[in-house]
>>> print(open('start_35.cif').read())   # mmCIF, C-alpha atoms
data_final
#
loop_
_atom_site.label_atom_id
_atom_site.label_comp_id
_atom_site.auth_asym_id
_atom_site.auth_seq_id
_atom_site.Cartn_x
_atom_site.Cartn_y
_atom_site.Cartn_z
CA MET A 1 -4.44 167.39 -17.86
CA THR A 2 -2.68 168.21 -21.11
CA GLU A 3 -4.46 167.49 -24.37
CA SER A 4 -2.43 164.31 -24.95
CA THR A 5 -3.20 162.83 -21.52
CA ASN A 6 -6.84 163.91 -21.37
CA PRO A 7 -8.84 160.82 -22.39
CA TRP A 8 -11.58 162.98 -23.90
CA ALA A 9 -9.00 164.44 -26.28
CA LEU A 10 -9.41 161.14 -28.16
CA THR A 11 -12.85 162.27 -29.30
CA GLY A 12 -12.61 162.77 -33.04
CA ARG A 13 -9.53 160.55 -33.24
CA ILE A 14 -11.26 157.22 -32.70
CA LEU A 15 -11.50 155.44 -36.06
CA PHE A 16 -13.21 152.26 -34.84
CA GLU A 17 -14.52 151.04 -31.50
CA ASP A 18 -16.45 148.04 -30.25
CA ASN A 19 -16.21 145.67 -27.27
CA HIS A 20 -13.16 143.93 -28.74
CA LEU A 21 -11.04 146.58 -30.49
CA ILE A 22 -10.34 150.29 -30.53
CA ILE A 23 -8.40 152.04 -33.31
CA VAL A 24 -7.05 155.55 -32.75
CA ASN A 25 -5.41 158.17 -34.98
CA LYS A 26 -2.08 158.70 -33.19
CA LEU A 27 -0.53 162.17 -32.92
CA VAL A 28 3.12 162.67 -33.84
CA SER A 29 4.01 163.58 -30.26
CA GLU A 30 2.63 160.40 -28.70
CA ILE A 31 4.35 157.16 -27.77
CA VAL A 32 2.20 154.05 -28.20
CA GLN A 33 3.33 152.34 -25.00
CA GLU A 34 5.49 153.18 -22.01
CA ASP A 35 9.18 153.69 -22.63
CA LYS A 36 12.24 155.09 -20.86
CA THR A 37 11.10 158.71 -21.36
CA GLY A 38 8.42 158.31 -18.71
CA ASP A 39 5.93 160.22 -20.88
CA GLU A 40 2.34 159.03 -20.66
CA PRO A 41 1.70 156.65 -23.55
CA LEU A 42 -1.29 156.59 -25.87
CA SER A 43 -2.18 153.16 -24.47
CA GLU A 44 -2.74 154.73 -21.04
CA THR A 45 -4.85 157.55 -22.51
CA VAL A 46 -7.01 154.96 -24.27
CA LYS A 47 -7.39 153.01 -21.01
CA GLN A 48 -8.56 156.15 -19.22
CA TYR A 49 -10.99 156.90 -22.04
CA ILE A 50 -12.52 153.40 -21.77
CA LYS A 51 -12.62 153.57 -17.98
CA GLU A 52 -14.52 156.86 -17.97
CA LYS A 53 -16.80 156.11 -20.91
CA LYS A 54 -17.76 152.64 -19.67
CA LYS A 55 -17.69 153.62 -15.97
CA LYS A 56 -15.38 150.70 -15.22
CA PRO A 57 -14.48 150.47 -11.52
CA GLY A 58 -11.35 148.32 -11.78
CA LYS A 59 -8.37 148.03 -14.09
CA VAL A 60 -9.00 148.26 -17.81
CA PHE A 61 -7.43 145.64 -20.08
CA LEU A 62 -5.80 147.01 -23.22
CA GLY A 63 -3.46 145.04 -25.45
CA VAL A 64 -0.96 146.72 -27.79
CA ILE A 65 -1.24 145.01 -31.17
CA HIS A 66 1.37 147.01 -33.09
CA ARG A 67 3.35 150.23 -32.72
CA LEU A 68 4.29 153.39 -34.57
CA ASP A 69 7.48 155.36 -33.97
CA ARG A 70 6.96 158.50 -31.90
CA PRO A 71 7.43 160.97 -34.80
CA VAL A 72 4.99 158.99 -37.00
CA SER A 73 1.24 159.62 -37.03
CA GLY A 74 -1.74 157.50 -38.00
CA ALA A 75 -3.88 154.47 -37.27
CA VAL A 76 -2.98 152.31 -34.26
CA ALA A 77 -5.11 149.35 -33.13
CA PHE A 78 -5.53 148.11 -29.55
CA ALA A 79 -7.31 145.02 -28.24
CA ARG A 80 -9.88 145.40 -25.47
CA THR A 81 -9.95 141.72 -24.54
CA ASP A 82 -7.33 139.01 -24.17
CA LYS A 83 -9.19 136.93 -26.78
CA ALA A 84 -9.08 139.75 -29.32
CA LEU A 85 -5.38 140.37 -28.60
CA SER A 86 -4.50 136.73 -29.14
CA ARG A 87 -6.37 136.61 -32.45
CA MET A 88 -4.98 139.94 -33.66
CA ASN A 89 -1.44 138.78 -32.81
CA TYR A 90 -2.12 135.77 -35.02
CA LEU A 91 -3.15 138.10 -37.88
CA VAL A 92 0.01 140.16 -37.38
CA LYS A 93 2.21 137.07 -37.36
CA ASN A 94 0.61 135.77 -40.55
CA ARG A 95 0.66 139.17 -42.26
CA GLU A 96 -3.11 139.30 -42.52
CA ILE A 97 -3.40 142.96 -41.51
CA HIS A 98 -3.18 145.17 -44.59
CA LYS A 99 -1.25 148.38 -43.82
CA ILE A 100 -1.01 151.43 -46.08
CA TYR A 101 1.30 154.35 -45.25
CA TRP A 102 1.81 157.77 -46.81
CA ALA A 103 5.29 159.32 -46.94
CA ILE A 104 6.27 162.80 -48.09
CA VAL A 105 9.69 162.91 -49.75
CA LYS A 106 11.80 165.53 -51.55
CA ASN A 107 12.99 163.27 -54.36
CA PRO A 108 10.56 161.27 -56.51
CA PRO A 109 11.25 157.52 -56.62
CA SER A 110 12.55 155.98 -59.82
CA PRO A 111 10.75 154.02 -61.06
CA GLU A 112 7.55 155.63 -59.80
CA LYS A 113 6.10 152.27 -58.76
CA GLY A 114 7.72 149.07 -57.57
CA THR A 115 8.67 146.61 -54.85
CA LEU A 116 11.59 147.06 -52.47
CA GLU A 117 13.20 143.96 -51.00
CA HIS A 118 16.11 144.23 -48.60
CA TYR A 119 17.65 142.47 -45.62
CA ILE A 120 17.58 144.77 -42.61
CA VAL A 121 19.98 144.76 -39.67
CA ARG A 122 18.92 146.70 -36.58
CA ASN A 123 21.58 148.55 -34.58
CA GLU A 124 20.18 148.72 -31.06
CA LYS A 125 22.69 151.29 -29.78
CA GLN A 126 21.98 153.69 -32.62
CA ASN A 127 18.26 152.82 -32.76
CA LYS A 128 18.67 152.61 -36.51
CA SER A 129 18.21 149.98 -39.21
CA TYR A 130 20.48 149.29 -42.17
CA PRO A 131 19.19 147.67 -45.38
CA TYR A 132 21.36 145.32 -47.44
CA PRO A 133 20.63 143.96 -50.92
CA LYS A 134 21.47 140.39 -49.86
CA GLU A 135 21.10 138.38 -46.67
CA VAL A 136 23.78 139.13 -44.06
CA PRO A 137 24.26 137.93 -40.47
CA ASN A 138 21.45 138.96 -38.09
CA SER A 139 19.36 140.39 -40.93
CA LYS A 140 15.62 140.09 -41.48
CA LYS A 141 13.91 140.20 -44.84
CA ALA A 142 12.00 143.44 -45.47
CA VAL A 143 9.50 143.88 -48.30
CA LEU A 144 7.22 146.74 -49.29
CA ASN A 145 5.36 147.94 -52.37
CA TYR A 146 5.37 151.64 -53.21
CA GLN A 147 3.96 154.05 -55.76
CA LEU A 148 4.14 157.78 -56.36
CA ILE A 149 0.57 159.11 -56.03
CA ALA A 150 0.92 162.92 -55.97
CA SER A 151 3.42 165.75 -56.37
CA SER A 152 3.66 169.41 -55.39
CA ASN A 153 6.21 171.95 -56.58
CA ASP A 154 8.74 170.80 -54.01
CA TYR A 155 7.62 167.45 -52.57
CA HIS A 156 6.18 164.10 -53.54
CA LEU A 157 3.69 161.75 -51.86
CA ILE A 158 4.50 158.05 -51.88
CA GLU A 159 1.96 155.40 -50.90
CA VAL A 160 3.52 152.36 -49.27
CA GLU A 161 1.98 148.93 -48.80
CA LEU A 162 3.89 147.31 -45.96
CA ILE A 163 4.40 143.58 -46.47
CA THR A 164 6.75 142.90 -43.55
CA GLY A 165 6.98 144.89 -40.34
CA ARG A 166 10.62 145.54 -39.51
CA HIS A 167 12.19 148.20 -37.31
CA HIS A 168 12.17 151.56 -39.16
CA GLN A 169 11.54 149.60 -42.35
CA ILE A 170 9.84 152.27 -44.48
CA ARG A 171 12.23 154.96 -43.31
CA ALA A 172 15.31 152.87 -44.08
CA GLN A 173 14.14 151.40 -47.38
CA LEU A 174 12.98 154.70 -48.87
CA ALA A 175 16.22 156.35 -47.77
CA VAL A 176 18.34 153.72 -49.48
CA ILE A 177 16.66 154.47 -52.85
CA GLY A 178 17.33 158.20 -52.43
CA CYS A 179 13.95 159.17 -50.97
CA PRO A 180 14.47 159.99 -47.27
CA ILE A 181 11.23 161.05 -45.60
CA LYS A 182 10.74 164.76 -44.94
CA GLY A 183 12.03 165.65 -41.47
CA ASP A 184 13.80 162.33 -40.91
CA LEU A 185 17.32 163.42 -39.96
CA LYS A 186 18.25 159.90 -38.85
CA TYR A 187 17.82 158.58 -42.39
CA GLY A 188 19.34 161.44 -44.34
CA PHE A 189 16.78 164.24 -44.72
CA PRO A 190 18.72 167.52 -44.28
CA ARG A 191 16.21 169.39 -42.06
CA SER A 192 13.90 168.49 -39.21
CA ASN A 193 10.19 169.35 -39.18
CA PRO A 194 9.23 172.15 -36.76
CA ASP A 195 7.14 169.79 -34.60
CA ALA A 196 9.86 167.08 -34.51
CA SER A 197 7.67 164.81 -36.63
CA ILE A 198 8.66 162.94 -39.75
CA SER A 199 6.23 163.05 -42.66
CA LEU A 200 5.21 159.41 -42.44
CA HIS A 201 1.58 158.55 -41.72
CA ALA A 202 -0.21 155.23 -41.17
CA ARG A 203 -3.09 155.96 -43.53
CA LYS A 204 -5.11 152.74 -43.63
CA LEU A 205 -5.65 149.48 -41.74
CA SER A 206 -7.72 146.60 -43.13
CA PHE A 207 -8.29 143.18 -41.57
CA GLU A 208 -10.87 140.57 -40.65
CA HIS A 209 -12.42 141.31 -37.27
CA PRO A 210 -11.07 138.73 -34.78
CA VAL A 211 -14.52 137.93 -33.33
CA SER A 212 -17.26 138.94 -35.79
CA HIS A 213 -15.10 138.07 -38.86
CA GLU A 214 -16.42 141.13 -40.69
CA MET A 215 -13.93 143.05 -42.82
CA ILE A 216 -12.77 146.19 -41.02
CA SER A 217 -11.17 149.03 -42.96
CA VAL A 218 -10.29 152.41 -41.46
CA GLU A 219 -8.57 155.52 -42.81
CA ALA A 220 -6.75 158.05 -40.65
CA ASP A 221 -6.46 161.65 -41.80
CA PRO A 222 -2.89 163.00 -41.73
CA PRO A 223 -1.82 165.83 -39.39
CA LYS A 224 -3.21 169.30 -40.06
CA ASP A 225 -0.59 171.31 -41.89
CA ALA A 226 -0.43 172.97 -45.28
CA LEU A 227 1.55 170.26 -47.07
CA TRP A 228 -0.46 167.33 -45.73
CA ASP A 229 -3.68 169.27 -46.48
CA TYR A 230 -2.52 169.83 -50.06
CA PHE A 231 -1.79 166.16 -50.66
CA LEU A 232 -5.01 165.03 -48.96
CA LYS A 233 -7.03 167.26 -51.29
CA THR A 234 -4.96 166.21 -54.32
CA VAL A 235 -5.60 162.47 -53.90
CA SER A 236 -9.19 162.69 -52.61
#
>>> encode(input="start_35.cif", output="structure tokens")
Amino acid sequence: MTESTNPWALTGRILFEDNHLIIVNKLVSEIVQEDKTGDEPLSETVKQYIKEKKKKPGKVFLGVIHRLDRPVSGAVAFARTDKALSRMNYLVKNREIHKIYWAIVKNPPSPEKGTLEHYIVRNEKQNKSYPYPKEVPNSKKAVLNYQLIASSNDYHLIEVELITGRHHQIRAQLAVIGCPIKGDLKYGFPRSNPDASISLHARKLSFEHPVSHEMISVEADPPKDALWDYFLKTVS
């Protein structure tokens, strides 16, 4: 097995686990669920982890609650029961899951803190989203809050609170204000990252547990590289 398909490779990446939910820190190379590439998805790795850990003889249920793009890292939650999936889907629909992202950009935003509100149109053929200042045909409203939280000599770290969850929303909205994410060629950054990632990370998830009703809050450390390490130390 490769590291990504070995279920025990999840050890150290599990942010929360009980009988209802499991939250994992996704690597930039992983897909969350099966797609046309045929690569083994993170959902399958998590199933294998549960099967081996719990010694389950039959099929393992695992529900995908939300997704991250392949080149994005960070916290992804899965449901271990149909009941938990149904209730988590309700939280998603009603925007009751609080999501915080970190994005590394070359240009600082101006102003340094604010709210972005656009109407996004997804182009399926291009797998790309286009933000408009006003509502247009086939558009969906996209809202996020952002603030500049750290800077290095060459780059800046933006914290994003995602209010809506649209296709490529953070990538498209930051690009339209002149802050394309490091490595994101699709949205205007001039160079790719060596590992084909983009410097966007799902840092924090907070929500009410669907069964126990306790408040759950997890933080996912960003990938290990010099720039992410610098920003992690700077804001800690």
>>> atom_distance(input="start_35.cif", atom1="CA of Lys36 in chain A", atom2="CA of Lys125 in chain A")
14.3 Å
>>> resolve_selection(input="start_35.cif", expression="the PyMOL selection byres ((chain A and resi 104-117) around 8)", output="PDB file with C-alpha atoms, keeping the file's coordinate frame")
ATOM      1  CA  TRP A 102       1.810 157.770 -46.810  1.00  0.00           C
ATOM      2  CA  ALA A 103       5.290 159.320 -46.940  1.00  0.00           C
ATOM      3  CA  HIS A 118      16.110 144.230 -48.600  1.00  0.00           C
ATOM      4  CA  TYR A 119      17.650 142.470 -45.620  1.00  0.00           C
ATOM      5  CA  PRO A 133      20.630 143.960 -50.920  1.00  0.00           C
ATOM      6  CA  LYS A 141      13.910 140.200 -44.840  1.00  0.00           C
ATOM      7  CA  ALA A 142      12.000 143.440 -45.470  1.00  0.00           C
ATOM      8  CA  VAL A 143       9.500 143.880 -48.300  1.00  0.00           C
ATOM      9  CA  LEU A 144       7.220 146.740 -49.290  1.00  0.00           C
ATOM     10  CA  ASN A 145       5.360 147.940 -52.370  1.00  0.00           C
ATOM     11  CA  TYR A 146       5.370 151.640 -53.210  1.00  0.00           C
ATOM     12  CA  GLN A 147       3.960 154.050 -55.760  1.00  0.00           C
ATOM     13  CA  LEU A 148       4.140 157.780 -56.360  1.00  0.00           C
ATOM     14  CA  ASP A 154       8.740 170.800 -54.010  1.00  0.00           C
ATOM     15  CA  TYR A 155       7.620 167.450 -52.570  1.00  0.00           C
ATOM     16  CA  HIS A 156       6.180 164.100 -53.540  1.00  0.00           C
ATOM     17  CA  LEU A 157       3.690 161.750 -51.860  1.00  0.00           C
ATOM     18  CA  ILE A 158       4.500 158.050 -51.880  1.00  0.00           C
ATOM     19  CA  GLN A 173      14.140 151.400 -47.380  1.00  0.00           C
ATOM     20  CA  ILE A 177      16.660 154.470 -52.850  1.00  0.00           C
ATOM     21  CA  GLY A 178      17.330 158.200 -52.430  1.00  0.00           C
ATOM     22  CA  CYS A 179      13.950 159.170 -50.970  1.00  0.00           C
ATOM     23  CA  PRO A 180      14.470 159.990 -47.270  1.00  0.00           C
ATOM     24  CA  ILE A 181      11.230 161.050 -45.600  1.00  0.00           C
ATOM     25  CA  LYS A 182      10.740 164.760 -44.940  1.00  0.00           C
ATOM     26  CA  SER A 199       6.230 163.050 -42.660  1.00  0.00           C
ATOM     27  CA  LEU A 200       5.210 159.410 -42.440  1.00  0.00           C
TER      28      LEU A 200
END
>>> atom_distance(input="start_35.cif", atom1="CA of Arg171 in chain A", atom2="CA of Glu30 in chain A")
18.3 Å
>>> atom_distance(input="start_35.cif", atom1="CA of Val32 in chain A", atom2="CA of Val176 in chain A")
26.7 Å
>>> residues_around(input="start_35.cif", residues="Ala75 in chain A", least_positions_apart="5", cutoff="12 Å", atoms="all atoms listed in the file", output="PyMOL selection string")
chain A and resi 13-16+22-28+32+42+65-69+98-102+200-206+217-223
>>> resolve_selection(input="start_35.cif", expression="the PyMOL selection byres ((chain A and resi 165) around 9)", output="list in words")
Val92, Arg95, Ala142, Val143, Leu162, Ile163, Thr164, Arg166, His167, His168, Gln169 and Ile170 of chain A
>>> resolve_selection(input="start_35.cif", expression="the PyMOL selection byres ((chain A and resi 43) around 9)", output="PDB file with C-alpha atoms, keeping the file's coordinate frame")
ATOM      1  CA  ILE A  31       4.350 157.160 -27.770  1.00  0.00           C
ATOM      2  CA  VAL A  32       2.200 154.050 -28.200  1.00  0.00           C
ATOM      3  CA  GLN A  33       3.330 152.340 -25.000  1.00  0.00           C
ATOM      4  CA  GLU A  34       5.490 153.180 -22.010  1.00  0.00           C
ATOM      5  CA  GLU A  40       2.340 159.030 -20.660  1.00  0.00           C
ATOM      6  CA  PRO A  41       1.700 156.650 -23.550  1.00  0.00           C
ATOM      7  CA  LEU A  42      -1.290 156.590 -25.870  1.00  0.00           C
ATOM      8  CA  GLU A  44      -2.740 154.730 -21.040  1.00  0.00           C
ATOM      9  CA  THR A  45      -4.850 157.550 -22.510  1.00  0.00           C
ATOM     10  CA  VAL A  46      -7.010 154.960 -24.270  1.00  0.00           C
ATOM     11  CA  LYS A  47      -7.390 153.010 -21.010  1.00  0.00           C
ATOM     12  CA  GLN A  48      -8.560 156.150 -19.220  1.00  0.00           C
ATOM     13  CA  LEU A  62      -5.800 147.010 -23.220  1.00  0.00           C
ATOM     14  CA  GLY A  63      -3.460 145.040 -25.450  1.00  0.00           C
ATOM     15  CA  VAL A  64      -0.960 146.720 -27.790  1.00  0.00           C
ATOM     16  CA  PHE A  78      -5.530 148.110 -29.550  1.00  0.00           C
TER      17      PHE A  78
END
>>> residues_around(input="start_35.cif", residues="Lys186 in chain A", least_positions_apart="5", cutoff="10 Å", atoms="only C-alpha atoms", output="list of chain:residue names")
A:Gln126, A:Asn127, A:Lys128, A:Ser129, A:Arg171, A:Ala172, A:Ala175, A:Pro180, A:Ile181, A:Ser192
